[in-house]
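Student: What follows is entry21.pdb, made up of PDB, C-alpha atoms, pLDDT in the B column:
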MODEL        1
ATOM      1  CA  MET A   1       0.000   0.000   0.000  1.00 45.00           C
ATOM      2  CA  THR A   2       2.658   2.416   1.167  1.00 45.00           C
ATOM      3  CA  ASP A   3       4.702   2.806  -1.988  1.00 45.00           C
ATOM      4  CA  THR A   4       1.677   3.783  -4.053  1.00 50.00           C
ATOM      5  CA  LEU A   5       1.359   6.967  -1.990  1.00 54.00           C
ATOM      6  CA  VAL A   6       4.433   8.740  -3.253  1.00 47.00           C
ATOM      7  CA  GLY A   7       3.775  12.379  -2.582  1.00 55.00           C
ATOM      8  CA  ILE A   8       2.149  14.523   0.020  1.00 55.00           C
ATOM      9  CA  GLY A   9       1.687  17.540  -2.223  1.00 56.00           C
ATOM     10  CA  ALA A  10       0.089  15.372  -4.874  1.00 60.00           C
ATOM     11  CA  VAL A  11      -2.888  14.665  -2.633  1.00 69.00           C
ATOM     12  CA  LYS A  12      -3.283  18.270  -1.566  1.00 70.00           C
ATOM     13  CA  ALA A  13      -4.958  19.584  -4.715  1.00 74.00           C
ATOM     14  CA  ALA A  14      -7.837  17.103  -4.578  1.00 81.00           C
ATOM     15  CA  SER A  15      -8.259  17.321  -0.818  1.00 80.00           C
ATOM     16  CA  GLU A  16      -8.466  21.120  -0.854  1.00 80.00           C
ATOM     17  CA  ILE A  17     -11.115  21.070  -3.562  1.00 84.00           C
ATOM     18  CA  LEU A  18     -13.199  18.298  -1.995  1.00 84.00           C
ATOM     19  CA  GLY A  19     -12.733  19.592   1.548  1.00 81.00           C
ATOM     20  CA  ASP A  20     -14.930  22.580   0.864  1.00 83.00           C
ATOM     21  CA  LYS A  21     -18.303  22.288   2.581  1.00 82.00           C
ATOM     22  CA  TRP A  22     -20.384  22.526  -0.604  1.00 89.00           C
ATOM     23  CA  THR A  23     -18.173  21.160  -3.371  1.00 90.00           C
ATOM     24  CA  PRO A  24     -18.840  17.400  -3.007  1.00 88.00           C
ATOM     25  CA  GLN A  25     -22.576  18.095  -3.060  1.00 88.00           C
ATOM     26  CA  LEU A  26     -22.338  20.412  -6.101  1.00 93.00           C
ATOM     27  CA  LEU A  27     -20.274  17.826  -8.005  1.00 92.00           C
ATOM     28  CA  ARG A  28     -22.887  15.210  -7.156  1.00 89.00           C
ATOM     29  CA  HIS A  29     -25.658  17.370  -8.666  1.00 92.00           C
ATOM     30  CA  PHE A  30     -23.638  17.890 -11.854  1.00 94.00           C
ATOM     31  CA  ILE A  31     -22.982  14.140 -12.091  1.00 91.00           C
ATOM     32  CA  ASN A  32     -26.716  13.442 -11.755  1.00 89.00           C
ATOM     33  CA  GLU A  33     -28.117  16.273 -13.840  1.00 92.00           C
ATOM     34  CA  GLY A  34     -25.450  17.089 -16.427  1.00 93.00           C
ATOM     35  CA  THR A  35     -25.822  20.737 -17.419  1.00 95.00           C
ATOM     36  CA  LEU A  36     -27.398  23.029 -14.829  1.00 95.00           C
ATOM     37  CA  ARG A  37     -28.567  26.624 -14.639  1.00 94.00           C
ATOM     38  CA  PHE A  38     -27.583  28.662 -11.605  1.00 95.00           C
ATOM     39  CA  CYS A  39     -31.104  28.771 -10.158  1.00 94.00           C
ATOM     40  CA  HIS A  40     -31.639  25.037 -10.682  1.00 94.00           C
ATOM     41  CA  LEU A  41     -28.394  24.267  -8.889  1.00 95.00           C
ATOM     42  CA  GLN A  42     -29.411  26.632  -6.094  1.00 95.00           C
ATOM     43  CA  ASP A  43     -32.689  24.677  -5.677  1.00 95.00           C
ATOM     44  CA  LEU A  44     -30.837  21.357  -5.586  1.00 93.00           C
ATOM     45  CA  ALA A  45     -28.236  22.513  -3.057  1.00 91.00           C
ATOM     46  CA  GLU A  46     -30.760  23.387  -0.385  1.00 86.00           C
ATOM     47  CA  GLY A  47     -29.603  25.982   2.082  1.00 88.00           C
ATOM     48  CA  ILE A  48     -26.818  27.428  -0.049  1.00 93.00           C
ATOM     49  CA  ASN A  49     -26.560  31.210  -0.122  1.00 94.00           C
ATOM     50  CA  PRO A  50     -26.576  32.563  -3.740  1.00 95.00           C
ATOM     51  CA  ARG A  51     -23.405  34.507  -3.014  1.00 96.00           C
ATOM     52  CA  THR A  52     -21.703  31.353  -1.738  1.00 96.00           C
ATOM     53  CA  LEU A  53     -22.886  29.364  -4.765  1.00 96.00           C
ATOM     54  CA  SER A  54     -21.600  32.048  -7.113  1.00 96.00           C
ATOM     55  CA  ALA A  55     -18.210  32.075  -5.365  1.00 95.00           C
ATOM     56  CA  ARG A  56     -18.018  28.256  -5.432  1.00 95.00           C
ATOM     57  CA  LEU A  57     -18.849  28.132  -9.153  1.00 96.00           C
ATOM     58  CA  ASP A  58     -16.283  30.834  -9.945  1.00 95.00           C
ATOM     59  CA  SER A  59     -13.685  28.909  -7.972  1.00 94.00           C
ATOM     60  CA  LEU A  60     -14.547  25.563  -9.606  1.00 95.00           C
ATOM     61  CA  GLU A  61     -14.453  27.250 -13.024  1.00 96.00           C
ATOM     62  CA  ALA A  62     -11.038  28.772 -12.223  1.00 94.00           C
ATOM     63  CA  GLU A  63      -9.796  25.308 -11.217  1.00 92.00           C
ATOM     64  CA  GLY A  64     -11.079  23.886 -14.528  1.00 94.00           C
ATOM     65  CA  ILE A  65     -13.553  21.533 -12.853  1.00 96.00           C
ATOM     66  CA  VAL A  66     -16.724  23.282 -13.991  1.00 97.00           C
ATOM     67  CA  GLU A  67     -17.317  24.886 -17.413  1.00 96.00           C
ATOM     68  CA  LYS A  68     -19.653  27.783 -18.107  1.00 94.00           C
ATOM     69  CA  VAL A  69     -21.705  27.299 -21.279  1.00 92.00           C
ATOM     70  CA  GLN A  70     -23.378  30.289 -22.945  1.00 87.00           C
ATOM     71  CA  THR A  71     -26.649  28.865 -24.314  1.00 82.00           C
ATOM     72  CA  SER A  72     -28.064  32.190 -25.513  1.00 79.00           C
ATOM     73  CA  THR A  73     -27.132  35.833 -25.146  1.00 75.00           C
ATOM     74  CA  SER A  74     -28.896  36.073 -21.804  1.00 77.00           C
ATOM     75  CA  ARG A  75     -28.521  32.581 -20.397  1.00 84.00           C
ATOM     76  CA  CYS A  76     -25.625  30.503 -19.245  1.00 88.00           C
ATOM     77  CA  GLU A  77     -25.362  27.061 -17.767  1.00 95.00           C
ATOM     78  CA  TYR A  78     -22.721  25.077 -15.945  1.00 97.00           C
ATOM     79  CA  ARG A  79     -21.425  21.539 -16.403  1.00 96.00           C
ATOM     80  CA  LEU A  80     -18.504  19.389 -15.317  1.00 96.00           C
ATOM     81  CA  SER A  81     -15.344  19.320 -17.410  1.00 97.00           C
ATOM     82  CA  GLN A  82     -13.439  16.068 -17.930  1.00 96.00           C
ATOM     83  CA  LYS A  83     -11.255  17.116 -15.002  1.00 95.00           C
ATOM     84  CA  GLY A  84     -14.422  17.355 -12.912  1.00 95.00           C
ATOM     85  CA  TYR A  85     -15.730  13.953 -14.044  1.00 95.00           C
ATOM     86  CA  ASP A  86     -12.372  12.461 -13.149  1.00 94.00           C
ATOM     87  CA  LEU A  87     -13.132  13.276  -9.503  1.00 93.00           C
ATOM     88  CA  VAL A  88     -15.919  10.642  -9.534  1.00 91.00           C
ATOM     89  CA  PRO A  89     -13.612   7.763  -8.432  1.00 92.00           C
ATOM     90  CA  VAL A  90     -12.444   9.918  -5.488  1.00 91.00           C
ATOM     91  CA  LEU A  91     -16.046  10.584  -4.472  1.00 90.00           C
ATOM     92  CA  GLN A  92     -16.850   6.877  -4.839  1.00 89.00           C
ATOM     93  CA  GLN A  93     -14.004   5.898  -2.505  1.00 90.00           C
ATOM     94  CA  MET A  94     -15.111   8.593  -0.045  1.00 88.00           C
ATOM     95  CA  GLN A  95     -18.620   7.183  -0.169  1.00 87.00           C
ATOM     96  CA  THR A  96     -17.422   3.609   0.402  1.00 89.00           C
ATOM     97  CA  TRP A  97     -15.510   4.733   3.478  1.00 89.00           C
ATOM     98  CA  SER A  98     -18.264   6.989   4.812  1.00 86.00           C
ATOM     99  CA  GLU A  99     -20.893   4.255   4.402  1.00 85.00           C
ATOM    100  CA  LYS A 100     -18.701   1.752   6.220  1.00 88.00           C
ATOM    101  CA  TYR A 101     -18.084   3.998   9.199  1.00 86.00           C
ATOM    102  CA  GLY A 102     -21.257   6.088   9.261  1.00 72.00           C
ATOM    103  CA  SER A 103     -21.491   9.832   9.105  1.00 55.00           C
ATOM    104  CA  THR A 104     -20.383  10.139  12.687  1.00 44.00           C
ATOM    105  CA  ILE A 105     -19.088  13.687  12.340  1.00 39.00           C
ATOM    106  CA  CYS A 106     -22.008  15.121  10.365  1.00 35.00           C
TER     107      CYS A 106
ATOM    108  CA  MET B 107     -21.094   5.884 -12.827  1.00 45.00           C
ATOM    109  CA  THR B 108     -24.019   7.891 -11.546  1.00 45.00           C
ATOM    110  CA  ASP B 109     -25.939   5.236  -9.661  1.00 45.00           C
ATOM    111  CA  THR B 110     -22.933   4.302  -7.577  1.00 50.00           C
ATOM    112  CA  LEU B 111     -23.033   7.735  -5.949  1.00 54.00           C
ATOM    113  CA  VAL B 112     -26.185   7.310  -3.916  1.00 47.00           C
ATOM    114  CA  GLY B 113     -25.883   9.848  -1.144  1.00 55.00           C
ATOM    115  CA  ILE B 114     -24.602  13.338  -0.667  1.00 55.00           C
ATOM    116  CA  GLY B 115     -24.301  13.061   3.102  1.00 56.00           C
ATOM    117  CA  ALA B 116     -22.385   9.806   2.757  1.00 60.00           C
ATOM    118  CA  VAL B 117     -19.465  11.596   1.127  1.00 69.00           C
ATOM    119  CA  LYS B 118     -19.464  14.432   3.650  1.00 70.00           C
ATOM    120  CA  ALA B 119     -17.763  12.597   6.514  1.00 74.00           C
ATOM    121  CA  ALA B 120     -14.688  11.655   4.482  1.00 81.00           C
ATOM    122  CA  SER B 121     -14.463  14.994   2.696  1.00 80.00           C
ATOM    123  CA  GLU B 122     -14.607  16.964   5.952  1.00 79.00           C
ATOM    124  CA  ILE B 123     -11.825  14.887   7.467  1.00 84.00           C
ATOM    125  CA  LEU B 124      -9.579  14.961   4.397  1.00 84.00           C
ATOM    126  CA  GLY B 125     -10.339  18.588   3.601  1.00 81.00           C
ATOM    127  CA  ASP B 126      -8.390  19.777   6.606  1.00 83.00           C
ATOM    128  CA  LYS B 127      -5.097  21.371   5.614  1.00 82.00           C
ATOM    129  CA  TRP B 128      -2.895  18.981   7.619  1.00 89.00           C
ATOM    130  CA  THR B 129      -4.827  15.725   7.807  1.00 90.00           C
ATOM    131  CA  PRO B 130      -3.844  14.128   4.468  1.00 88.00           C
ATOM    132  CA  GLN B 131      -0.190  14.792   5.271  1.00 88.00           C
ATOM    133  CA  LEU B 132      -0.483  13.412   8.828  1.00 92.00           C
ATOM    134  CA  LEU B 133      -2.191  10.259   7.534  1.00 92.00           C
ATOM    135  CA  ARG B 134       0.594   9.847   5.000  1.00 89.00           C
ATOM    136  CA  HIS B 135       3.231   9.943   7.765  1.00 92.00           C
ATOM    137  CA  PHE B 136       1.335   7.328   9.795  1.00 94.00           C
ATOM    138  CA  ILE B 137       1.045   5.093   6.714  1.00 91.00           C
ATOM    139  CA  ASN B 138       4.795   5.349   6.121  1.00 89.00           C
ATOM    140  CA  GLU B 139       6.032   5.195   9.690  1.00 92.00           C
ATOM    141  CA  GLY B 140       3.438   3.199  11.628  1.00 93.00           C
ATOM    142  CA  THR B 141       3.527   4.302  15.252  1.00 95.00           C
ATOM    143  CA  LEU B 142       4.749   7.843  15.908  1.00 95.00           C
ATOM    144  CA  ARG B 143       5.578   9.989  18.922  1.00 94.00           C
ATOM    145  CA  PHE B 144       4.260  13.536  18.991  1.00 95.00           C
ATOM    146  CA  CYS B 145       7.685  15.142  18.519  1.00 94.00           C
ATOM    147  CA  HIS B 146       8.587  12.804  15.644  1.00 95.00           C
ATOM    148  CA  LEU B 147       5.335  13.614  13.879  1.00 95.00           C
ATOM    149  CA  GLN B 148       5.989  17.309  14.459  1.00 95.00           C
ATOM    150  CA  ASP B 149       9.401  16.951  12.757  1.00 95.00           C
ATOM    151  CA  LEU B 150       7.868  15.113   9.795  1.00 93.00           C
ATOM    152  CA  ALA B 151       5.037  17.613   9.308  1.00 91.00           C
ATOM    153  CA  GLU B 152       7.324  20.568   8.758  1.00 86.00           C
ATOM    154  CA  GLY B 153       5.805  23.896   9.584  1.00 88.00           C
ATOM    155  CA  ILE B 154       3.022  22.603  11.804  1.00 93.00           C
ATOM    156  CA  ASN B 155       2.428  24.492  15.032  1.00 94.00           C
ATOM    157  CA  PRO B 156       2.502  22.146  18.096  1.00 95.00           C
ATOM    158  CA  ARG B 157      -0.872  23.496  19.194  1.00 96.00           C
ATOM    159  CA  THR B 158      -2.337  22.762  15.749  1.00 96.00           C
ATOM    160  CA  LEU B 159      -0.823  19.266  15.734  1.00 96.00           C
ATOM    161  CA  SER B 160      -2.228  18.571  19.187  1.00 96.00           C
ATOM    162  CA  ALA B 161      -5.688  19.742  18.108  1.00 95.00           C
ATOM    163  CA  ARG B 162      -5.526  17.677  14.904  1.00 95.00           C
ATOM    164  CA  LEU B 163      -4.499  14.531  16.807  1.00 96.00           C
ATOM    165  CA  ASP B 164      -7.265  15.048  19.371  1.00 95.00           C
ATOM    166  CA  SER B 165      -9.768  15.471  16.575  1.00 94.00           C
ATOM    167  CA  LEU B 166      -8.520  12.407  14.647  1.00 95.00           C
ATOM    168  CA  GLU B 167      -8.591  10.395  17.876  1.00 96.00           C
ATOM    169  CA  ALA B 168     -12.173  11.547  18.576  1.00 94.00           C
ATOM    170  CA  GLU B 169     -13.135  10.484  15.051  1.00 92.00           C
ATOM    171  CA  GLY B 170     -11.582   7.055  15.651  1.00 94.00           C
ATOM    172  CA  ILE B 171      -8.988   7.465  12.908  1.00 95.00           C
ATOM    173  CA  VAL B 172      -5.940   7.703  15.152  1.00 97.00           C
ATOM    174  CA  GLU B 173      -5.326   5.694  18.337  1.00 96.00           C
ATOM    175  CA  LYS B 174      -3.219   6.834  21.279  1.00 94.00           C
ATOM    176  CA  VAL B 175      -0.970   4.082  22.641  1.00 92.00           C
ATOM    177  CA  GLN B 176       0.508   4.368  26.131  1.00 87.00           C
ATOM    178  CA  THR B 177       3.949   2.763  25.798  1.00 82.00           C
ATOM    179  CA  SER B 178       5.135   3.619  29.312  1.00 80.00           C
ATOM    180  CA  THR B 179       3.862   5.719  32.185  1.00 75.00           C
ATOM    181  CA  SER B 180       5.413   8.841  30.728  1.00 77.00           C
ATOM    182  CA  ARG B 181       5.279   8.219  27.024  1.00 84.00           C
ATOM    183  CA  CYS B 182       2.521   7.836  24.493  1.00 88.00           C
ATOM    184  CA  GLU B 183       2.512   7.277  20.773  1.00 95.00           C
ATOM    185  CA  TYR B 184      -0.026   7.527  17.998  1.00 97.00           C
ATOM    186  CA  ARG B 185      -0.956   5.173  15.189  1.00 96.00           C
ATOM    187  CA  LEU B 186      -3.733   4.705  12.634  1.00 96.00           C
ATOM    188  CA  SER B 187      -6.762   2.615  13.516  1.00 97.00           C
ATOM    189  CA  GLN B 188      -8.342   0.298  10.938  1.00 96.00           C
ATOM    190  CA  LYS B 189     -10.758   3.139  10.176  1.00 95.00           C
ATOM    191  CA  GLY B 190      -7.720   5.316   9.446  1.00 95.00           C
ATOM    192  CA  TYR B 191      -6.066   2.705   7.215  1.00 95.00           C
ATOM    193  CA  ASP B 192      -9.315   2.366   5.306  1.00 94.00           C
ATOM    194  CA  LEU B 193      -8.813   5.954   4.100  1.00 93.00           C
ATOM    195  CA  VAL B 194      -5.801   4.804   2.033  1.00 91.00           C
ATOM    196  CA  PRO B 195      -7.888   4.030  -1.105  1.00 92.00           C
ATOM    197  CA  VAL B 196      -9.395   7.538  -0.901  1.00 91.00           C
ATOM    198  CA  LEU B 197      -5.925   9.085  -0.674  1.00 90.00           C
ATOM    199  CA  GLN B 198      -4.773   6.907  -3.588  1.00 89.00           C
ATOM    200  CA  GLN B 199      -7.639   8.114  -5.807  1.00 90.00           C
ATOM    201  CA  MET B 200      -6.889  11.700  -4.759  1.00 88.00           C
ATOM    202  CA  GLN B 201      -3.275  11.183  -5.713  1.00 87.00           C
ATOM    203  CA  THR B 202      -4.174   9.687  -9.114  1.00 88.00           C
ATOM    204  CA  TRP B 203      -6.338  12.716  -9.862  1.00 89.00           C
ATOM    205  CA  SER B 204      -3.860  15.275  -8.541  1.00 85.00           C
ATOM    206  CA  GLU B 205      -0.987  13.734 -10.510  1.00 85.00           C
ATOM    207  CA  LYS B 206      -3.038  13.741 -13.705  1.00 88.00           C
ATOM    208  CA  TYR B 207      -3.993  17.388 -13.395  1.00 86.00           C
ATOM    209  CA  GLY B 208      -1.052  18.824 -11.500  1.00 72.00           C
ATOM    210  CA  SER B 209      -1.139  20.677  -8.240  1.00 55.00           C
ATOM    211  CA  THR B 210      -2.485  23.772  -9.919  1.00 44.00           C
ATOM    212  CA  ILE B 211      -4.049  25.196  -6.769  1.00 39.00           C
ATOM    213  CA  CYS B 212      -1.146  24.527  -4.419  1.00 35.00           C
TER     214      CYS B 212
ENDMDL
END
Just dump the structure as structure tokens.
Tutor:
Amino acid sequence: MTDTLVGIGAVKAASEILGDKWTPQLLRHFINEGTLRFCHLQDLAEGINPRTLSARLDSLEAEGIVEKVQTSTSRCEYRLSQKGYDLVPVLQQMQTWSEKYGSTIC
Amino acid sequence: MTDTLVGIGAVKAASEILGDKWTPQLLRHFINEGTLRFCHLQDLAEGINPRTLSARLDSLEAEGIVEKVQTSTSRCEYRLSQKGYDLVPVLQQMQTWSEKYGSTIC
């Protein structure tokens, strides 16, 4: 097991992204729904403040995980990039672990 | 892919633990070294404040990820529990992703 974990820094990028309170949930909605408008995503992520959602989307776009798609002059939507979809195996392993041990800290 | 990600809350526990700035690195040192004394761990995690390390260890112990082992009346050490070792596949997936895309946010 040990020698497959070669670098500390190499884990940091993914853990910082997924450690945000809202990001795993937002990724989950994109995985389920595909392309999403801002207001639809806001409905799905119950309890999120629009300002927080906007900041999260900007950050995920800057990190290349979410792409903004202009569907008409007045409307834009968001979807996962390939880099975003490649986080699915990480989320799956997190889920396996969390299901085994229960959400004891939630 | 989609139907294997059944719950949002189920991912939360792991992502909150691994999203902490120091935790992935501390887990990595335990995986490499096995049982560690506080001062040894402090040396390995360069730049960590002793107060922060103490708080992190307390928190990881409370979450059942790290175990405190009393080796003599005056000395105690720390090691991963099975629950802690079961985070290795999550860290491995994080590493695969981070290596593919580079540590662009570090």
Student: What does the distance from atom CA of B:Glu183 to atom CA of B:Arg143 come to in Å, to one decimal?
Tutor: 4.5 Å
Student: For A:Leu80, list every protein, DNA or RNA residue within 7 Å, evaluated using all atoms listed in the file, and leave out those in the same chain fewer than 2 positions away; present the list as a ChimeraX atom specification.
Tutor: /A:30,65-67,82,84-85
Student: Provide the atom CA of A:Met94 to atom CA of B:Ser187 distance in Å, to one decimal place.
Tutor: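 Rounded to one decimal, the two atoms are 17.0 Å apart.
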Student: Please superimpose chain B on chain A using every C-alpha atom, paired by order, in a least-squares fit, and write the moved chain as a PDB file with C-alpha atoms, in the coordinates of the input.
Tutor:
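File produced: out-v5.pdb:
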ATOM      1  CA  MET B 107      -0.054   0.002  -0.008  1.00 45.00           C
ATOM      2  CA  THR B 108       2.609   2.403   1.164  1.00 45.00           C
ATOM      3  CA  ASP B 109       4.663   2.788  -1.986  1.00 45.00           C
ATOM      4  CA  THR B 110       1.652   3.793  -4.029  1.00 50.00           C
ATOM      5  CA  LEU B 111       1.358   6.976  -1.974  1.00 54.00           C
ATOM      6  CA  VAL B 112       4.428   8.764  -3.250  1.00 47.00           C
ATOM      7  CA  GLY B 113       3.757  12.413  -2.578  1.00 55.00           C
ATOM      8  CA  ILE B 114       2.143  14.525   0.065  1.00 55.00           C
ATOM      9  CA  GLY B 115       1.677  17.548  -2.176  1.00 56.00           C
ATOM     10  CA  ALA B 116       0.083  15.379  -4.849  1.00 60.00           C
ATOM     11  CA  VAL B 117      -2.900  14.668  -2.617  1.00 69.00           C
ATOM     12  CA  LYS B 118      -3.286  18.289  -1.546  1.00 70.00           C
ATOM     13  CA  ALA B 119      -4.958  19.603  -4.699  1.00 74.00           C
ATOM     14  CA  ALA B 120      -7.827  17.109  -4.579  1.00 81.00           C
ATOM     15  CA  SER B 121      -8.263  17.320  -0.816  1.00 80.00           C
ATOM     16  CA  GLU B 122      -8.463  21.122  -0.859  1.00 79.00           C
ATOM     17  CA  ILE B 123     -11.119  21.068  -3.559  1.00 84.00           C
ATOM     18  CA  LEU B 124     -13.204  18.300  -1.987  1.00 84.00           C
ATOM     19  CA  GLY B 125     -12.736  19.591   1.546  1.00 81.00           C
ATOM     20  CA  ASP B 126     -14.934  22.582   0.869  1.00 83.00           C
ATOM     21  CA  LYS B 127     -18.304  22.275   2.579  1.00 82.00           C
ATOM     22  CA  TRP B 128     -20.379  22.525  -0.617  1.00 89.00           C
ATOM     23  CA  THR B 129     -18.173  21.158  -3.379  1.00 90.00           C
ATOM     24  CA  PRO B 130     -18.836  17.404  -3.019  1.00 88.00           C
ATOM     25  CA  GLN B 131     -22.571  18.099  -3.063  1.00 88.00           C
ATOM     26  CA  LEU B 132     -22.336  20.419  -6.097  1.00 92.00           C
ATOM     27  CA  LEU B 133     -20.286  17.830  -8.000  1.00 92.00           C
ATOM     28  CA  ARG B 134     -22.889  15.213  -7.151  1.00 89.00           C
ATOM     29  CA  HIS B 135     -25.662  17.367  -8.662  1.00 92.00           C
ATOM     30  CA  PHE B 136     -23.642  17.894 -11.856  1.00 94.00           C
ATOM     31  CA  ILE B 137     -22.995  14.140 -12.109  1.00 91.00           C
ATOM     32  CA  ASN B 138     -26.718  13.430 -11.767  1.00 89.00           C
ATOM     33  CA  GLU B 139     -28.116  16.263 -13.844  1.00 92.00           C
ATOM     34  CA  GLY B 140     -25.453  17.098 -16.429  1.00 93.00           C
ATOM     35  CA  THR B 141     -25.826  20.738 -17.413  1.00 95.00           C
ATOM     36  CA  LEU B 142     -27.395  23.034 -14.819  1.00 95.00           C
ATOM     37  CA  ARG B 143     -28.567  26.635 -14.633  1.00 94.00           C
ATOM     38  CA  PHE B 144     -27.581  28.668 -11.597  1.00 95.00           C
ATOM     39  CA  CYS B 145     -31.109  28.796 -10.158  1.00 94.00           C
ATOM     40  CA  HIS B 146     -31.648  25.055 -10.667  1.00 95.00           C
ATOM     41  CA  LEU B 147     -28.397  24.278  -8.885  1.00 95.00           C
ATOM     42  CA  GLN B 148     -29.412  26.641  -6.092  1.00 95.00           C
ATOM     43  CA  ASP B 149     -32.686  24.701  -5.667  1.00 95.00           C
ATOM     44  CA  LEU B 150     -30.845  21.369  -5.584  1.00 93.00           C
ATOM     45  CA  ALA B 151     -28.230  22.521  -3.066  1.00 91.00           C
ATOM     46  CA  GLU B 152     -30.745  23.391  -0.385  1.00 86.00           C
ATOM     47  CA  GLY B 153     -29.577  25.969   2.076  1.00 88.00           C
ATOM     48  CA  ILE B 154     -26.805  27.428  -0.053  1.00 93.00           C
ATOM     49  CA  ASN B 155     -26.549  31.205  -0.127  1.00 94.00           C
ATOM     50  CA  PRO B 156     -26.566  32.570  -3.738  1.00 95.00           C
ATOM     51  CA  ARG B 157     -23.389  34.513  -3.004  1.00 96.00           C
ATOM     52  CA  THR B 158     -21.690  31.342  -1.733  1.00 96.00           C
ATOM     53  CA  LEU B 159     -22.878  29.364  -4.765  1.00 96.00           C
ATOM     54  CA  SER B 160     -21.594  32.056  -7.107  1.00 96.00           C
ATOM     55  CA  ALA B 161     -18.204  32.068  -5.371  1.00 95.00           C
ATOM     56  CA  ARG B 162     -18.015  28.258  -5.437  1.00 95.00           C
ATOM     57  CA  LEU B 163     -18.848  28.133  -9.161  1.00 96.00           C
ATOM     58  CA  ASP B 164     -16.274  30.828  -9.938  1.00 95.00           C
ATOM     59  CA  SER B 165     -13.681  28.906  -7.977  1.00 94.00           C
ATOM     60  CA  LEU B 166     -14.547  25.557  -9.619  1.00 95.00           C
ATOM     61  CA  GLU B 167     -14.458  27.249 -13.026  1.00 96.00           C
ATOM     62  CA  ALA B 168     -11.036  28.770 -12.240  1.00 94.00           C
ATOM     63  CA  GLU B 169      -9.803  25.314 -11.231  1.00 92.00           C
ATOM     64  CA  GLY B 170     -11.068  23.889 -14.532  1.00 94.00           C
ATOM     65  CA  ILE B 171     -13.546  21.542 -12.866  1.00 95.00           C
ATOM     66  CA  VAL B 172     -16.713  23.292 -14.002  1.00 97.00           C
ATOM     67  CA  GLU B 173     -17.304  24.885 -17.418  1.00 96.00           C
ATOM     68  CA  LYS B 174     -19.652  27.784 -18.111  1.00 94.00           C
ATOM     69  CA  VAL B 175     -21.709  27.295 -21.276  1.00 92.00           C
ATOM     70  CA  GLN B 176     -23.383  30.268 -22.951  1.00 87.00           C
ATOM     71  CA  THR B 177     -26.643  28.834 -24.308  1.00 82.00           C
ATOM     72  CA  SER B 178     -28.078  32.153 -25.498  1.00 80.00           C
ATOM     73  CA  THR B 179     -27.149  35.801 -25.171  1.00 75.00           C
ATOM     74  CA  SER B 180     -28.900  36.057 -21.833  1.00 77.00           C
ATOM     75  CA  ARG B 181     -28.522  32.605 -20.398  1.00 84.00           C
ATOM     76  CA  CYS B 182     -25.615  30.510 -19.247  1.00 88.00           C
ATOM     77  CA  GLU B 183     -25.367  27.065 -17.756  1.00 95.00           C
ATOM     78  CA  TYR B 184     -22.724  25.074 -15.951  1.00 97.00           C
ATOM     79  CA  ARG B 185     -21.443  21.547 -16.416  1.00 96.00           C
ATOM     80  CA  LEU B 186     -18.509  19.390 -15.325  1.00 96.00           C
ATOM     81  CA  SER B 187     -15.352  19.320 -17.410  1.00 97.00           C
ATOM     82  CA  GLN B 188     -13.439  16.067 -17.933  1.00 96.00           C
ATOM     83  CA  LYS B 189     -11.255  17.126 -15.002  1.00 95.00           C
ATOM     84  CA  GLY B 190     -14.436  17.369 -12.923  1.00 95.00           C
ATOM     85  CA  TYR B 191     -15.732  13.963 -14.041  1.00 95.00           C
ATOM     86  CA  ASP B 192     -12.372  12.463 -13.157  1.00 94.00           C
ATOM     87  CA  LEU B 193     -13.135  13.271  -9.504  1.00 93.00           C
ATOM     88  CA  VAL B 194     -15.922  10.644  -9.538  1.00 91.00           C
ATOM     89  CA  PRO B 195     -13.616   7.769  -8.432  1.00 92.00           C
ATOM     90  CA  VAL B 196     -12.445   9.912  -5.491  1.00 91.00           C
ATOM     91  CA  LEU B 197     -16.048  10.598  -4.473  1.00 90.00           C
ATOM     92  CA  GLN B 198     -16.849   6.885  -4.838  1.00 89.00           C
ATOM     93  CA  GLN B 199     -13.995   5.895  -2.500  1.00 90.00           C
ATOM     94  CA  MET B 200     -15.118   8.590  -0.051  1.00 88.00           C
ATOM     95  CA  GLN B 201     -18.618   7.183  -0.167  1.00 87.00           C
ATOM     96  CA  THR B 202     -17.415   3.600   0.407  1.00 88.00           C
ATOM     97  CA  TRP B 203     -15.499   4.746   3.478  1.00 89.00           C
ATOM     98  CA  SER B 204     -18.262   6.978   4.825  1.00 85.00           C
ATOM     99  CA  GLU B 205     -20.880   4.242   4.415  1.00 85.00           C
ATOM    100  CA  LYS B 206     -18.678   1.724   6.211  1.00 88.00           C
ATOM    101  CA  TYR B 207     -18.074   3.980   9.186  1.00 86.00           C
ATOM    102  CA  GLY B 208     -21.226   6.070   9.255  1.00 72.00           C
ATOM    103  CA  SER B 209     -21.473   9.809   9.109  1.00 55.00           C
ATOM    104  CA  THR B 210     -20.329  10.126  12.687  1.00 44.00           C
ATOM    105  CA  ILE B 211     -19.062  13.683  12.308  1.00 39.00           C
ATOM    106  CA  CYS B 212     -22.009  15.061  10.355  1.00 35.00           C
TER     107      CYS B 212
END
Student: Apply the PyMOL selection byres ((chain A and resi 93) around 10) to the file shown and report the selected residues as a PyMOL selection string.
Tutor: (chain A and resi 88-92+94-99) or (chain B and resi 111+117+120+192-200)
Student: Nearest to chain A among B:Lys189, B:Asp164, B:Arg157, B:Gly140, with distances taken over all atoms listed in the file: which residue is it?
Tutor: B:Lys189
Student: In Å, with one decimal, what is the gap from atom CA of A:Glu46 to atom CA of A:Pro24?
Tutor: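 Answer for the atom CA of A:Glu46 to atom CA of A:Pro24 separation: 13.6 Å.
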Student: Taking into account only C-alpha atoms, which residue in the set B:Lys118, B:Ala151, B:Lys206, B:Thr129 is nearest to B:Glu167?
Tutor: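 Closest residue, counting only C-alpha atoms: B:Thr129.
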Student: Between A:Ser15, A:Phe38, A:Thr71, A:Leu27, which residue has the minimum interatomic distance to A:Pro50, considering all atoms listed in the file?
Tutor: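 For A:Pro50, the nearest of the given residues is A:Phe38.
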Student: Applied to the shown file, which residues does the PyMOL selection byres ((chain A and resi 19) around 7) return, written as a PyMOL selection string?
Tutor: (chain A and resi 15-18+20-21) or (chain B and resi 121-122+124-126)
